[in-house]
$ cat query-v3.cif   # mmCIF, C-alpha atoms (C1' of nucleotides)
data_data
loop_
_atom_site.label_atom_id
_atom_site.label_comp_id
_atom_site.auth_asym_id
_atom_site.auth_seq_id
_atom_site.Cartn_x
_atom_site.Cartn_y
_atom_site.Cartn_z
CA MET A 1 -14.58 7.95 -48.43
CA GLU A 2 -15.77 4.57 -47.37
CA PRO A 3 -13.16 2.22 -46.01
CA SER A 4 -11.48 -0.17 -48.45
CA LEU A 5 -11.01 -3.90 -48.17
CA ASP A 6 -7.35 -3.07 -47.63
CA THR A 7 -7.98 -1.10 -44.47
CA VAL A 8 -10.60 -3.52 -43.14
CA PHE A 9 -8.45 -6.63 -43.56
CA ALA A 10 -5.36 -4.82 -42.27
CA ALA A 11 -7.31 -3.73 -39.20
CA LEU A 12 -8.42 -7.31 -38.59
CA ALA A 13 -4.88 -8.66 -38.95
CA ASP A 14 -3.84 -7.52 -35.49
CA PRO A 15 -4.81 -9.71 -32.52
CA THR A 16 -5.12 -6.75 -30.15
CA ARG A 17 -7.58 -5.09 -32.48
CA ARG A 18 -9.59 -8.29 -32.90
CA ALA A 19 -9.70 -8.64 -29.13
CA ILE A 20 -10.98 -5.07 -28.86
CA LEU A 21 -13.75 -5.81 -31.35
CA THR A 22 -14.68 -8.88 -29.35
CA MET A 23 -14.89 -6.82 -26.18
CA LEU A 24 -17.10 -4.28 -27.91
CA LEU A 25 -19.42 -7.10 -28.89
CA GLU A 26 -20.48 -7.15 -25.25
CA ASP A 27 -21.07 -3.43 -24.84
CA ASP A 28 -19.94 0.05 -25.78
CA MET A 29 -16.84 1.11 -23.89
CA ALA A 30 -14.74 4.16 -23.06
CA VAL A 31 -11.15 4.26 -24.33
CA THR A 32 -9.69 3.83 -20.85
CA ASP A 33 -11.86 0.79 -20.20
CA VAL A 34 -10.91 -0.74 -23.52
CA ALA A 35 -7.27 -0.37 -22.55
CA GLU A 36 -7.61 -1.86 -19.09
CA PRO A 37 -7.15 -5.60 -19.88
CA PHE A 38 -4.09 -5.00 -22.07
CA GLU A 39 -0.52 -4.53 -20.97
CA ILE A 40 0.36 -1.95 -23.57
CA SER A 41 0.10 1.79 -23.07
CA LEU A 42 -3.10 3.79 -23.34
CA ALA A 43 -1.61 5.71 -26.26
CA ALA A 44 -1.07 2.45 -28.13
CA ILE A 45 -4.70 1.46 -27.56
CA SER A 46 -5.78 4.89 -28.72
CA LYS A 47 -3.90 4.30 -31.97
CA HIS A 48 -5.53 0.90 -32.42
CA LEU A 49 -8.93 2.48 -31.95
CA THR A 50 -8.10 5.11 -34.56
CA ILE A 51 -7.23 2.35 -37.01
CA LEU A 52 -10.45 0.46 -36.24
CA ALA A 53 -12.42 3.67 -36.73
CA ALA A 54 -10.66 4.43 -40.02
CA ALA A 55 -11.64 0.96 -41.19
CA GLY A 56 -15.22 1.73 -40.22
CA LEU A 57 -15.25 -1.16 -37.78
CA ILE A 58 -16.08 1.05 -34.81
CA ALA A 59 -17.59 4.48 -34.27
CA GLN A 60 -16.32 6.87 -31.63
CA GLU A 61 -18.46 9.50 -29.98
CA LYS A 62 -17.23 11.97 -27.41
CA ARG A 63 -19.57 12.73 -24.54
CA GLY A 64 -18.04 15.04 -21.99
CA ARG A 65 -14.45 14.03 -21.49
CA VAL A 66 -15.19 10.39 -22.30
CA LYS A 67 -14.92 8.99 -25.81
CA TRP A 68 -17.24 6.05 -26.30
CA CYS A 69 -16.41 3.23 -28.69
CA LYS A 70 -19.17 1.33 -30.42
CA LEU A 71 -19.00 -1.66 -32.69
CA GLU A 72 -19.99 -1.00 -36.32
CA PRO A 73 -20.55 -4.54 -37.61
CA ASP A 74 -21.77 -3.49 -41.04
CA ALA A 75 -18.20 -2.62 -41.95
CA LEU A 76 -17.46 -6.34 -42.00
CA LYS A 77 -20.10 -6.93 -44.61
CA ALA A 78 -18.05 -6.07 -47.68
CA ALA A 79 -15.13 -8.16 -46.49
CA SER A 80 -17.43 -11.02 -45.59
CA VAL A 81 -19.07 -10.95 -49.00
CA TRP A 82 -15.66 -10.95 -50.67
CA MET A 83 -14.56 -13.99 -48.71
CA GLN A 84 -17.76 -15.93 -49.18
CA GLY A 85 -17.25 -15.78 -52.92
CA PHE A 86 -14.41 -18.25 -52.49
CA GLY A 87 -15.83 -20.88 -50.25
CA GLN A 88 -19.58 -21.14 -50.06
CA PHE A 89 -19.17 -21.95 -46.40
CA GLU A 90 -22.13 -23.20 -44.47
CA PRO A 91 -24.25 -20.34 -43.16
CA VAL A 92 -23.47 -18.74 -39.83
CA ASN A 93 -22.00 -21.25 -37.45
CA LEU A 94 -22.25 -19.67 -34.05
CA ASP A 95 -20.89 -22.66 -32.18
CA ALA A 96 -17.63 -22.41 -34.08
CA PHE A 97 -17.60 -18.69 -33.40
CA GLU A 98 -17.98 -19.20 -29.67
CA ALA A 99 -15.06 -21.62 -29.76
CA PHE A 100 -12.94 -18.98 -31.47
CA LEU A 101 -13.91 -16.37 -28.97
CA GLU A 102 -12.77 -18.54 -26.10
CA GLN A 103 -9.55 -19.38 -27.84
CA GLU A 104 -8.73 -15.77 -28.64
CA LEU A 105 -9.59 -14.51 -25.19
CA GLY A 106 -7.54 -17.28 -23.65
CA GLU A 107 -4.54 -16.40 -25.80
CA ASP A 108 -4.59 -12.64 -25.49
CA HIS A 109 -5.39 -12.13 -21.85
CA ALA A 110 -3.52 -15.05 -20.33
CA MET B 111 1.21 -25.45 -37.45
CA GLU B 112 -1.99 -24.28 -39.00
CA PRO B 113 -2.14 -20.67 -40.13
CA SER B 114 -3.48 -18.10 -37.66
CA LEU B 115 -6.15 -15.49 -38.17
CA ASP B 116 -3.26 -13.02 -38.05
CA THR B 117 -1.55 -14.43 -41.11
CA VAL B 118 -4.80 -14.98 -43.02
CA PHE B 119 -6.11 -11.45 -42.53
CA ALA B 120 -2.67 -9.95 -43.15
CA ALA B 121 -2.42 -11.90 -46.38
CA LEU B 122 -5.84 -10.62 -47.46
CA ALA B 123 -4.94 -7.01 -46.65
CA ASP B 124 -2.84 -6.59 -49.81
CA PRO B 125 -4.68 -5.82 -53.06
CA THR B 126 -2.12 -7.64 -55.20
CA ARG B 127 -2.60 -10.79 -53.14
CA ARG B 128 -6.40 -10.53 -53.32
CA ALA B 129 -6.13 -10.10 -57.09
CA ILE B 130 -3.99 -13.24 -57.26
CA LEU B 131 -6.58 -15.20 -55.30
CA THR B 132 -9.26 -13.95 -57.65
CA MET B 133 -7.24 -15.10 -60.64
CA LEU B 134 -6.77 -18.53 -59.09
CA LEU B 135 -10.52 -18.77 -58.69
CA GLU B 136 -10.63 -19.31 -62.45
CA ASP B 137 -7.94 -21.96 -62.65
CA ASP B 138 -4.65 -23.22 -61.27
CA MET B 139 -1.69 -21.21 -62.56
CA ALA B 140 2.08 -21.30 -62.81
CA VAL B 141 4.04 -18.59 -60.98
CA THR B 142 5.11 -16.89 -64.20
CA ASP B 143 1.55 -16.77 -65.45
CA VAL B 144 0.34 -15.35 -62.14
CA ALA B 145 2.94 -12.60 -62.50
CA GLU B 146 2.09 -11.71 -66.09
CA PRO B 147 -0.74 -9.17 -65.54
CA PHE B 148 1.17 -7.25 -62.88
CA GLU B 149 3.81 -4.61 -63.36
CA ILE B 150 5.97 -5.64 -60.44
CA SER B 151 8.88 -8.06 -60.66
CA LEU B 152 8.57 -11.83 -60.72
CA ALA B 153 10.47 -11.97 -57.45
CA ALA B 154 7.89 -9.76 -55.80
CA ILE B 155 5.09 -12.01 -57.01
CA SER B 156 7.00 -15.00 -55.74
CA LYS B 157 7.11 -13.39 -52.30
CA HIS B 158 3.38 -12.70 -52.40
CA LEU B 159 2.74 -16.34 -53.28
CA THR B 160 4.91 -17.45 -50.37
CA ILE B 161 2.83 -15.30 -48.04
CA LEU B 162 -0.42 -16.69 -49.45
CA ALA B 163 0.91 -20.21 -49.01
CA ALA B 164 2.03 -19.52 -45.45
CA ALA B 165 -1.50 -18.33 -44.72
CA GLY B 166 -2.81 -21.58 -46.18
CA LEU B 167 -4.76 -19.69 -48.83
CA ILE B 168 -3.00 -21.42 -51.70
CA ALA B 169 -1.06 -24.64 -52.20
CA GLN B 170 2.01 -24.85 -54.42
CA GLU B 171 3.12 -28.00 -56.17
CA LYS B 172 6.19 -28.28 -58.35
CA ARG B 173 5.87 -30.40 -61.48
CA GLY B 174 8.97 -30.34 -63.62
CA ARG B 175 10.33 -26.82 -63.61
CA VAL B 176 6.86 -25.34 -63.21
CA LYS B 177 5.39 -24.53 -59.80
CA TRP B 178 1.62 -24.68 -59.87
CA CYS B 179 -0.50 -22.52 -57.60
CA LYS B 180 -3.88 -23.72 -56.48
CA LEU B 181 -6.54 -21.97 -54.44
CA GLU B 182 -7.15 -23.47 -51.00
CA PRO B 183 -10.48 -21.88 -50.08
CA ASP B 184 -10.90 -23.78 -46.82
CA ALA B 185 -8.29 -21.50 -45.29
CA LEU B 186 -10.85 -18.71 -45.44
CA LYS B 187 -13.26 -20.67 -43.33
CA ALA B 188 -11.86 -19.80 -39.92
CA ALA B 189 -11.67 -16.11 -40.80
CA SER B 190 -15.16 -16.20 -42.27
CA VAL B 191 -16.57 -17.84 -39.16
CA TRP B 192 -14.87 -15.23 -36.99
CA MET B 193 -16.36 -12.39 -38.99
CA GLN B 194 -19.84 -13.83 -39.18
CA GLY B 195 -20.04 -13.80 -35.42
CA PHE B 196 -20.28 -10.03 -35.60
CA GLY B 197 -22.84 -9.39 -38.23
CA GLN B 198 -25.15 -12.27 -39.01
CA PHE B 199 -25.03 -11.16 -42.62
CA GLU B 200 -27.42 -12.66 -45.06
CA PRO B 201 -26.13 -15.95 -46.49
CA VAL B 202 -23.91 -15.96 -49.54
CA ASN B 203 -24.67 -13.07 -51.81
CA LEU B 204 -23.00 -13.90 -55.09
CA ASP B 205 -24.31 -10.87 -56.92
CA ALA B 206 -22.53 -8.59 -54.49
CA PHE B 207 -19.42 -10.70 -54.87
CA GLU B 208 -19.44 -10.39 -58.64
CA ALA B 209 -19.72 -6.63 -58.27
CA PHE B 210 -16.68 -6.63 -56.03
CA LEU B 211 -14.71 -8.75 -58.44
CA GLU B 212 -15.33 -6.31 -61.25
CA GLN B 213 -14.42 -3.36 -59.07
CA GLU B 214 -11.19 -4.94 -57.87
CA LEU B 215 -10.13 -6.09 -61.31
CA GLY B 216 -10.92 -2.68 -62.72
CA GLU B 217 -8.83 -0.99 -60.06
CA ASP B 218 -5.79 -3.25 -60.12
CA HIS B 219 -5.35 -3.84 -63.82
CA ALA B 220 -6.39 -0.49 -65.22
"C1'" DT C 221 26.44 -30.00 -74.01
"C1'" DG C 222 24.83 -25.71 -73.64
"C1'" DA C 223 21.37 -22.16 -73.88
"C1'" DA C 224 16.81 -20.79 -72.42
"C1'" DA C 225 12.90 -20.94 -69.19
"C1'" DG C 226 10.95 -21.14 -64.46
"C1'" DG C 227 11.66 -19.68 -59.79
"C1'" DT C 228 14.03 -18.54 -55.67
"C1'" DC C 229 17.69 -16.34 -52.82
"C1'" DA C 230 20.25 -12.54 -50.86
"C1'" DA C 231 21.19 -8.02 -50.18
"C1'" DC C 232 19.52 -3.79 -50.20
"C1'" DC C 233 16.15 0.36 -49.77
"C1'" DG C 234 12.36 3.48 -48.32
"C1'" DT C 235 7.96 3.31 -45.88
"C1'" DT C 236 4.75 1.55 -42.62
"C1'" DT C 237 3.69 -0.59 -38.23
"C1'" DG C 238 3.31 -1.16 -33.37
"C1'" DG C 239 5.19 0.22 -29.54
"C1'" DT C 240 7.31 3.69 -26.09
"C1'" DT C 241 7.60 8.15 -23.41
"C1'" DG C 242 6.51 12.80 -22.04
"C1'" DA C 243 4.00 16.85 -22.86
"C1'" DA C 244 -0.40 18.90 -24.15
"C1'" DT C 245 -5.45 19.55 -24.24
"C1'" DA C 246 -10.07 19.28 -22.39
"C1'" DA C 247 -13.62 18.45 -19.11
"C1'" DG C 248 -15.33 17.48 -14.39
"C1'" DG C 249 -15.31 17.72 -9.30
"C1'" DG C 250 -14.21 19.72 -4.69
"C1'" DC D 251 -9.24 27.91 -8.94
"C1'" DC D 252 -6.76 23.78 -8.80
"C1'" DC D 253 -6.39 18.88 -9.17
"C1'" DT D 254 -7.59 14.82 -11.29
"C1'" DT D 255 -9.35 12.11 -15.09
"C1'" DA D 256 -9.70 11.12 -20.09
"C1'" DT D 257 -7.49 11.20 -24.23
"C1'" DT D 258 -4.51 12.63 -27.88
"C1'" DC D 259 -0.14 14.52 -29.83
"C1'" DA D 260 4.73 14.40 -31.05
"C1'" DA D 261 8.97 12.49 -31.30
"C1'" DC D 262 11.28 8.60 -31.39
"C1'" DC D 263 12.63 3.47 -32.09
"C1'" DA D 264 13.13 -1.33 -33.82
"C1'" DA D 265 11.07 -4.52 -36.74
"C1'" DA D 266 8.31 -5.84 -40.66
"C1'" DC D 267 6.67 -4.88 -45.40
"C1'" DG D 268 6.75 -4.40 -50.35
"C1'" DG D 269 9.59 -3.54 -53.71
"C1'" DT D 270 14.09 -3.74 -56.54
"C1'" DT D 271 18.23 -5.98 -58.70
"C1'" DG D 272 21.53 -9.55 -59.77
"C1'" DA D 273 23.20 -14.03 -58.92
"C1'" DC D 274 21.87 -18.66 -58.58
"C1'" DC D 275 19.79 -23.39 -59.16
"C1'" DT D 276 17.07 -26.68 -61.82
"C1'" DT D 277 14.73 -28.50 -65.66
"C1'" DT D 278 13.89 -28.79 -70.48
"C1'" DC D 279 15.13 -29.47 -75.14
"C1'" DA D 280 17.54 -28.70 -79.57
#
$ encode --input "query-v3.cif" --output "C-alpha coordinates"
Amino acid sequence: MEPSLDTVFAALADPTRRAILTMLLEDDMAVTDVAEPFEISLAAISKHLTILAAAGLIAQEKRGRVKWCKLEPDALKAASVWMQGFGQFEPVNLDAFEAFLEQELGEDHA
Amino acid sequence: MEPSLDTVFAALADPTRRAILTMLLEDDMAVTDVAEPFEISLAAISKHLTILAAAGLIAQEKRGRVKWCKLEPDALKAASVWMQGFGQFEPVNLDAFEAFLEQELGEDHA
DNA sequence: TGAAAGGTCAACCGTTTGGTTGAATAAGGG
DNA sequence: CCCTTATTCAACCAAACGGTTGACCTTTCA
(Lines of atoms letter the chains of each structure in order from A and count residues from 1; the text may use other names and numbers.)
(Lines give C-alpha, C1' and ligand atoms only; values in the text may rest on other atoms or scores of the structure.)
Protein backbone atom coordinates (compact mmCIF):
# COMPACT_ATOMS: atom_id res chain seq x y z
CA MET A 1 0.00 0.00 0.00
CA GLU A 2 1.23 3.44 -0.77
CA PRO A 3 1.93 5.67 2.19
CA SER A 4 -0.86 7.95 3.40
CA LEU A 5 -0.76 11.66 4.09
CA ASP A 6 -1.04 10.64 7.74
CA THR A 7 2.23 8.74 7.73
CA VAL A 8 4.05 11.30 5.59
CA PHE A 9 3.11 14.29 7.74
CA ALA A 10 3.72 12.34 10.94
CA ALA A 11 7.16 11.38 9.68
CA LEU A 12 7.94 15.01 8.90
CA ALA A 13 6.77 16.18 12.33
CA ASP A 14 9.94 15.01 14.06
CA PRO A 15 13.01 17.28 13.88
CA THR A 16 15.45 14.36 13.96
CA ARG A 17 13.75 12.80 10.97
CA ARG A 18 13.72 16.09 9.07
CA ALA A 19 17.42 16.48 9.81
CA ILE A 20 18.03 12.99 8.46
CA LEU A 21 16.20 13.84 5.24
CA THR A 22 18.30 16.97 4.93
CA MET A 23 21.47 14.96 5.33
CA LEU A 24 20.33 12.52 2.67
CA LEU A 25 19.83 15.43 0.33
CA GLU A 26 23.62 15.57 0.10
CA ASP A 27 24.22 11.89 -0.55
CA ASP A 28 23.11 8.35 0.17
CA MET A 29 24.29 7.15 3.56
CA ALA A 30 24.70 4.01 5.65
CA VAL A 31 22.67 3.71 8.86
CA THR A 32 25.73 4.11 11.08
CA ASP A 33 26.79 7.25 9.25
CA VAL A 34 23.31 8.71 9.51
CA ALA A 35 23.46 8.16 13.25
CA GLU A 36 26.88 9.70 13.75
CA PRO A 37 25.93 13.40 14.21
CA PHE A 38 23.13 12.62 16.67
CA GLU A 39 23.42 11.99 20.37
CA ILE A 40 20.74 9.34 20.53
CA SER A 41 21.36 5.62 20.21
CA LEU A 42 21.85 3.79 16.95
CA ALA A 43 18.71 1.78 17.66
CA ALA A 44 16.70 4.98 17.92
CA ILE A 45 18.04 6.16 14.56
CA SER A 46 17.21 2.78 13.08
CA LYS A 47 13.62 3.24 14.23
CA HIS A 48 13.47 6.72 12.70
CA LEU A 49 14.72 5.32 9.42
CA THR A 50 12.04 2.63 9.52
CA ILE A 51 9.40 5.32 9.96
CA LEU A 52 10.82 7.37 7.08
CA ALA A 53 10.84 4.26 4.90
CA ALA A 54 7.26 3.38 5.85
CA ALA A 55 6.27 6.89 4.79
CA GLY A 56 8.03 6.31 1.49
CA LEU A 57 10.36 9.22 2.14
CA ILE A 58 13.48 7.08 1.88
CA ALA A 59 14.41 3.73 0.37
CA GLN A 60 16.75 1.30 2.08
CA GLU A 61 18.88 -1.19 0.24
CA LYS A 62 21.16 -3.71 1.89
CA ARG A 63 24.49 -4.32 0.21
CA GLY A 64 26.68 -6.68 2.16
CA ARG A 65 26.36 -5.85 5.81
CA VAL A 66 25.66 -2.19 5.08
CA LYS A 67 22.15 -0.83 4.63
CA TRP A 68 22.13 2.22 2.41
CA CYS A 69 19.56 4.97 2.82
CA LYS A 70 18.45 6.99 -0.16
CA LEU A 71 16.14 9.95 -0.36
CA GLU A 72 12.83 9.31 -2.16
CA PRO A 73 11.63 12.86 -2.82
CA ASP A 74 8.58 11.84 -4.83
CA ALA A 75 6.91 10.79 -1.59
CA LEU A 76 6.63 14.46 -0.71
CA LYS A 77 4.65 15.17 -3.83
CA ALA A 78 1.22 14.17 -2.55
CA ALA A 79 1.70 16.13 0.66
CA SER A 80 3.03 19.11 -1.25
CA VAL A 81 0.06 19.09 -3.61
CA TRP A 82 -2.32 18.91 -0.66
CA MET A 83 -0.71 21.90 0.99
CA GLN A 84 -0.49 23.99 -2.13
CA GLY A 85 -4.25 23.79 -2.48
CA PHE A 86 -4.51 26.12 0.50
CA GLY A 87 -2.06 28.83 -0.26
CA GLN A 88 -1.05 29.29 -3.86
CA PHE A 89 2.41 30.11 -2.61
CA GLU A 90 4.92 31.51 -5.01
CA PRO A 91 6.73 28.78 -6.92
CA VAL A 92 9.83 27.17 -5.49
CA ASN A 93 11.78 29.62 -3.41
CA LEU A 94 15.18 28.09 -2.98
CA ASP A 95 16.64 31.03 -1.10
CA ALA A 96 14.07 30.59 1.64
CA PHE A 97 14.81 26.88 1.65
CA GLU A 98 18.52 27.44 2.13
CA ALA A 99 17.74 29.71 5.07
CA PHE A 100 15.65 26.96 6.63
CA LEU A 101 18.35 24.42 6.11
CA GLU A 102 20.86 26.55 7.96
CA GLN A 103 18.43 27.22 10.76
CA GLU A 104 17.54 23.56 11.20
CA LEU A 105 21.12 22.37 11.07
CA GLY A 106 22.11 25.05 13.55
CA GLU A 107 19.37 24.00 15.94
CA ASP A 108 19.76 20.26 15.79
CA HIS A 109 23.49 19.81 15.79
CA ALA A 110 24.50 22.65 18.09
CA MET B 1 6.56 32.65 19.39
CA GLU B 2 5.79 31.63 15.87
CA PRO B 3 4.79 28.02 15.31
CA SER B 4 7.54 25.55 14.43
CA LEU B 5 7.68 23.07 11.59
CA ASP B 6 7.21 20.45 14.31
CA THR B 7 3.82 21.76 15.37
CA VAL B 8 2.66 22.45 11.81
CA PHE B 9 3.50 18.99 10.48
CA ALA B 10 2.17 17.31 13.62
CA ALA B 11 -1.08 19.23 13.23
CA LEU B 12 -1.35 18.10 9.60
CA ALA B 13 -0.69 14.47 10.49
CA ASP B 14 -4.22 13.91 11.81
CA PRO B 15 -6.98 13.21 9.26
CA THR B 16 -9.65 14.88 11.37
CA ARG B 17 -7.61 18.06 11.50
CA ARG B 18 -6.94 18.00 7.76
CA ALA B 19 -10.66 17.52 7.16
CA ILE B 20 -11.36 20.55 9.36
CA LEU B 21 -8.92 22.65 7.36
CA THR B 22 -10.60 21.52 4.17
CA MET B 23 -13.98 22.54 5.53
CA LEU B 24 -12.63 25.96 6.49
CA LEU B 25 -11.42 26.39 2.94
CA GLU B 26 -15.07 26.90 2.03
CA ASP B 27 -15.92 29.41 4.72
CA ASP B 28 -15.32 30.51 8.30
CA MET B 29 -17.20 28.35 10.80
CA ALA B 30 -18.28 28.24 14.42
CA VAL B 31 -16.87 25.46 16.61
CA THR B 32 -20.21 23.68 16.86
CA ASP B 33 -20.64 23.72 13.10
CA VAL B 34 -17.12 22.40 12.59
CA ALA B 35 -18.00 19.51 14.91
CA GLU B 36 -21.28 18.64 13.24
CA PRO B 37 -20.08 16.25 10.49
CA PHE B 38 -17.86 14.25 12.85
CA GLU B 39 -18.86 11.48 15.19
CA ILE B 40 -16.52 12.43 17.99
CA SER B 41 -17.42 14.70 20.89
CA LEU B 42 -17.48 18.47 20.75
CA ALA B 43 -14.72 18.55 23.34
CA ALA B 44 -12.49 16.48 21.08
CA ILE B 45 -13.11 18.86 18.20
CA SER B 46 -12.35 21.77 20.48
CA LYS B 47 -8.99 20.18 21.27
CA HIS B 48 -8.25 19.68 17.59
CA LEU B 49 -9.03 23.34 16.94
CA THR B 50 -6.69 24.36 19.75
CA ILE B 51 -3.92 22.34 18.14
CA LEU B 52 -4.60 23.88 14.73
CA ALA B 53 -4.54 27.33 16.29
CA ALA B 54 -1.30 26.62 18.13
CA ALA B 55 0.21 25.61 14.80
CA GLY B 56 -0.98 28.91 13.35
CA LEU B 57 -3.10 27.10 10.78
CA ILE B 58 -6.33 28.72 11.93
CA ALA B 59 -7.30 31.82 13.87
CA GLN B 60 -10.15 31.87 16.38
CA GLU B 61 -12.16 34.94 17.22
CA LYS B 62 -14.97 35.05 19.74
CA ARG B 63 -18.00 37.15 18.83
CA GLY B 64 -20.77 36.92 21.38
CA ARG B 65 -20.98 33.34 22.53
CA VAL B 66 -19.80 32.03 19.18
CA LYS B 67 -16.14 31.32 18.46
CA TRP B 68 -15.37 31.66 14.78
CA CYS B 69 -12.65 29.64 13.12
CA LYS B 70 -10.83 31.02 10.13
CA LEU B 71 -8.23 29.42 7.91
CA GLU B 72 -4.76 30.98 8.15
CA PRO B 73 -3.10 29.57 5.03
CA ASP B 74 0.14 31.51 5.44
CA ALA B 75 1.10 29.12 8.21
CA LEU B 76 1.57 26.46 5.55
CA LYS B 77 4.12 28.56 3.76
CA ALA B 78 7.16 27.64 5.85
CA ALA B 79 6.32 23.95 5.66
CA SER B 80 5.66 24.19 1.94
CA VAL B 81 8.98 25.93 1.34
CA TRP B 82 10.76 23.26 3.35
CA MET B 83 9.20 20.48 1.32
CA GLN B 84 9.76 22.09 -2.05
CA GLY B 85 13.47 22.10 -1.41
CA PHE B 86 13.42 18.35 -1.85
CA GLY B 87 11.44 17.82 -4.96
CA GLN B 88 11.13 20.81 -7.25
CA PHE B 89 7.60 19.66 -7.98
CA GLU B 90 5.72 21.26 -10.79
CA PRO B 91 3.98 24.46 -9.69
CA VAL B 92 0.52 24.33 -8.21
CA ASN B 93 -1.47 21.47 -9.59
CA LEU B 94 -5.06 22.18 -8.64
CA ASP B 95 -6.49 19.21 -10.48
CA ALA B 96 -4.47 16.86 -8.30
CA PHE B 97 -5.57 18.81 -5.26
CA GLU B 98 -9.24 18.47 -6.14
CA ALA B 99 -8.74 14.73 -6.50
CA PHE B 100 -7.22 14.60 -3.05
CA LEU B 101 -10.06 16.59 -1.56
CA GLU B 102 -12.61 14.16 -2.91
CA GLN B 103 -10.63 11.19 -1.67
CA GLU B 104 -10.21 12.62 1.82
CA LEU B 105 -13.82 13.68 2.14
CA GLY B 106 -14.94 10.31 0.89
CA GLU B 107 -12.79 8.54 3.45
CA ASP B 108 -13.56 10.64 6.49
CA HIS B 109 -17.27 11.17 6.14
CA ALA B 110 -18.34 7.87 4.65
C1' DT C 1 -34.75 35.61 36.07
C1' DG C 2 -33.95 31.41 34.38
C1' DA C 3 -33.35 28.04 30.79
C1' DA C 4 -30.90 26.91 26.61
C1' DA C 5 -26.88 27.29 23.53
C1' DG C 6 -21.85 27.62 22.68
C1' DG C 7 -17.41 26.17 24.34
C1' DT C 8 -13.91 24.95 27.51
C1' DC C 9 -11.89 22.59 31.60
C1' DA C 10 -10.47 18.69 34.35
C1' DA C 11 -9.92 14.13 35.20
C1' DC C 12 -9.49 9.98 33.38
C1' DC C 13 -8.25 6.02 30.00
C1' DG C 14 -5.94 3.10 26.47
C1' DT C 15 -2.58 3.52 22.73
C1' DT C 16 1.27 5.47 20.42
C1' DT C 17 5.74 7.69 20.46
C1' DG C 18 10.55 8.33 21.19
C1' DG C 19 13.90 6.88 23.81
C1' DT C 20 16.86 3.34 26.47
C1' DT C 21 19.50 -1.11 27.14
C1' DG C 22 21.17 -5.68 26.17
C1' DA C 23 21.00 -9.61 23.35
C1' DA C 24 20.75 -11.45 18.68
C1' DT C 25 21.80 -11.84 13.71
C1' DA C 26 24.62 -11.32 9.64
C1' DA C 27 28.59 -10.28 6.94
C1' DG C 28 33.55 -9.19 6.37
C1' DG C 29 38.50 -9.38 7.51
C1' DG C 30 42.80 -11.41 9.50
C1' DC D 1 37.72 -19.87 13.02
C1' DC D 2 37.22 -15.86 15.66
C1' DC D 3 36.68 -11.00 16.17
C1' DT D 4 34.80 -6.89 14.72
C1' DT D 5 31.43 -4.14 12.29
C1' DA D 6 26.62 -3.17 10.89
C1' DT D 7 22.10 -3.40 12.12
C1' DT D 8 17.91 -5.01 14.14
C1' DC D 9 15.07 -7.13 17.88
C1' DA D 10 12.80 -7.27 22.35
C1' DA D 11 11.58 -5.58 26.52
C1' DC D 12 10.91 -1.81 28.94
C1' DC D 13 9.83 3.24 30.33
C1' DA D 14 7.93 7.99 30.67
C1' DA D 15 5.48 11.26 28.16
C1' DA D 16 2.24 12.69 24.67
C1' DC D 17 -1.99 11.76 21.98
C1' DG D 18 -6.83 11.24 20.94
C1' DG D 19 -10.71 10.21 22.91
C1' DT D 20 -14.48 10.16 26.68
C1' DT D 21 -17.54 12.17 30.33
C1' DG D 22 -19.38 15.55 33.48
C1' DA D 23 -19.01 19.95 35.51
C1' DC D 24 -18.47 24.65 34.50
C1' DC D 25 -18.67 29.47 32.57
C1' DT D 26 -20.73 32.87 29.49
C1' DT D 27 -23.99 34.77 26.44
C1' DT D 28 -28.51 35.07 24.57
C1' DC D 29 -33.35 35.64 24.78
C1' DA D 30 -38.18 34.71 26.10
$ closest_residue --input "query-v3.cif" --among "A:Thr32, A:Ser80, A:Thr22, A:Thr50" --to "Phe119 (chain B)" --atoms "all atoms listed in the file"
A:Ser80
$ interface_residues --input "query-v3.cif" --of "chain A" --to "chain B" --cutoff "6 Å" --atoms "all atoms listed in the file" --output "list in words"
Asp6, Phe9, Ala10, Ala13, Pro73, Val81, Trp82, Gly85, Phe86, Gly87, Pro91 and Phe97 of chain A
$ interface_residues --input "query-v3.cif" --of "chain D" --to "chain A" --cutoff "12 Å" --atoms "only C-alpha atoms (C1' of nucleotides)" --output "count of residues only"
6
$ residues_near_point --input "query-v3.cif" --point "(6.4, 15.6, -20.5)" --cutoff "12 Å" --atoms "all atoms listed in the file" --output "list in words"
DT241, DG242, DA243 and DA244 of chain C; DC259, DA260 and DA261 of chain D
$ residues_around --input "query-v3.cif" --residues "DA264 (chain D)" --least-positions-apart "2" --cutoff "10 Å" --atoms "all atoms listed in the file" --output "list in words"
DG238 and DG239 of chain C; DA266 of chain D
$ resolve_selection --input "query-v3.cif" --expression "the PyMOL selection byres ((chain B and resi 168) around 6)" --output "list in words"
Leu162, Ala163, Gly166, Leu167, Ala169, Lys180, Leu181 and Glu182 of chain B
$ write_last_selection --input "query-v3.cif" --atoms "C-alpha atoms" --output "PDB file, in the frame of the given file"
ATOM      1  CA  LEU B 162      -0.420 -16.690 -49.450  1.00  0.00           C
ATOM      2  CA  ALA B 163       0.910 -20.210 -49.010  1.00  0.00           C
ATOM      3  CA  GLY B 166      -2.810 -21.580 -46.180  1.00  0.00           C
ATOM      4  CA  LEU B 167      -4.760 -19.690 -48.830  1.00  0.00           C
ATOM      5  CA  ALA B 169      -1.060 -24.640 -52.200  1.00  0.00           C
ATOM      6  CA  LYS B 180      -3.880 -23.720 -56.480  1.00  0.00           C
ATOM      7  CA  LEU B 181      -6.540 -21.970 -54.440  1.00  0.00           C
ATOM      8  CA  GLU B 182      -7.150 -23.470 -51.000  1.00  0.00           C
TER       9      GLU B 182
END
$ residues_around --input "query-v3.cif" --residues "DT271 (chain D)" --least-positions-apart "3" --cutoff "12 Å" --atoms "all atoms listed in the file" --output "list of chain:residue names"
B:Ser151, B:Leu152, B:Ala153, B:Ala154, C:DC229, C:DA230, C:DA231, C:DC232, C:DC233
$ resolve_selection --input "query-v3.cif" --expression "the PyMOL selection byres ((chain D and resi 274) around 12)" --output "PyMOL selection string"
(chain C and resi 227-230) or (chain D and resi 272-273+275-276)
$ atom_distance --input "query-v3.cif" --atom1 "CA of Gln60 (chain A)" --atom2 "C1' of DT245 (chain C)"
18.3 Å
$ residues_around --input "query-v3.cif" --residues "DG249 (chain C)" --least-positions-apart "2" --cutoff "12 Å" --atoms "all atoms listed in the file" --output "PyMOL selection string"
(chain C and resi 247) or (chain D and resi 251-255)
$ closest_residue --input "query-v3.cif" --among "C:DA225, C:DG234, C:DA246, C:DT240" --to "chain B" --atoms "only C-alpha atoms (C1' of nucleotides)"
C:DA225
$ atom_distance --input "query-v3.cif" --atom1 "CA of Cys69 (chain A)" --atom2 "CA of Met29 (chain A)"
5.3 Å
$ atom_distance --input "query-v3.cif" --atom1 "CA of Ile130 (chain B)" --atom2 "CA of His158 (chain B)"
8.8 Å
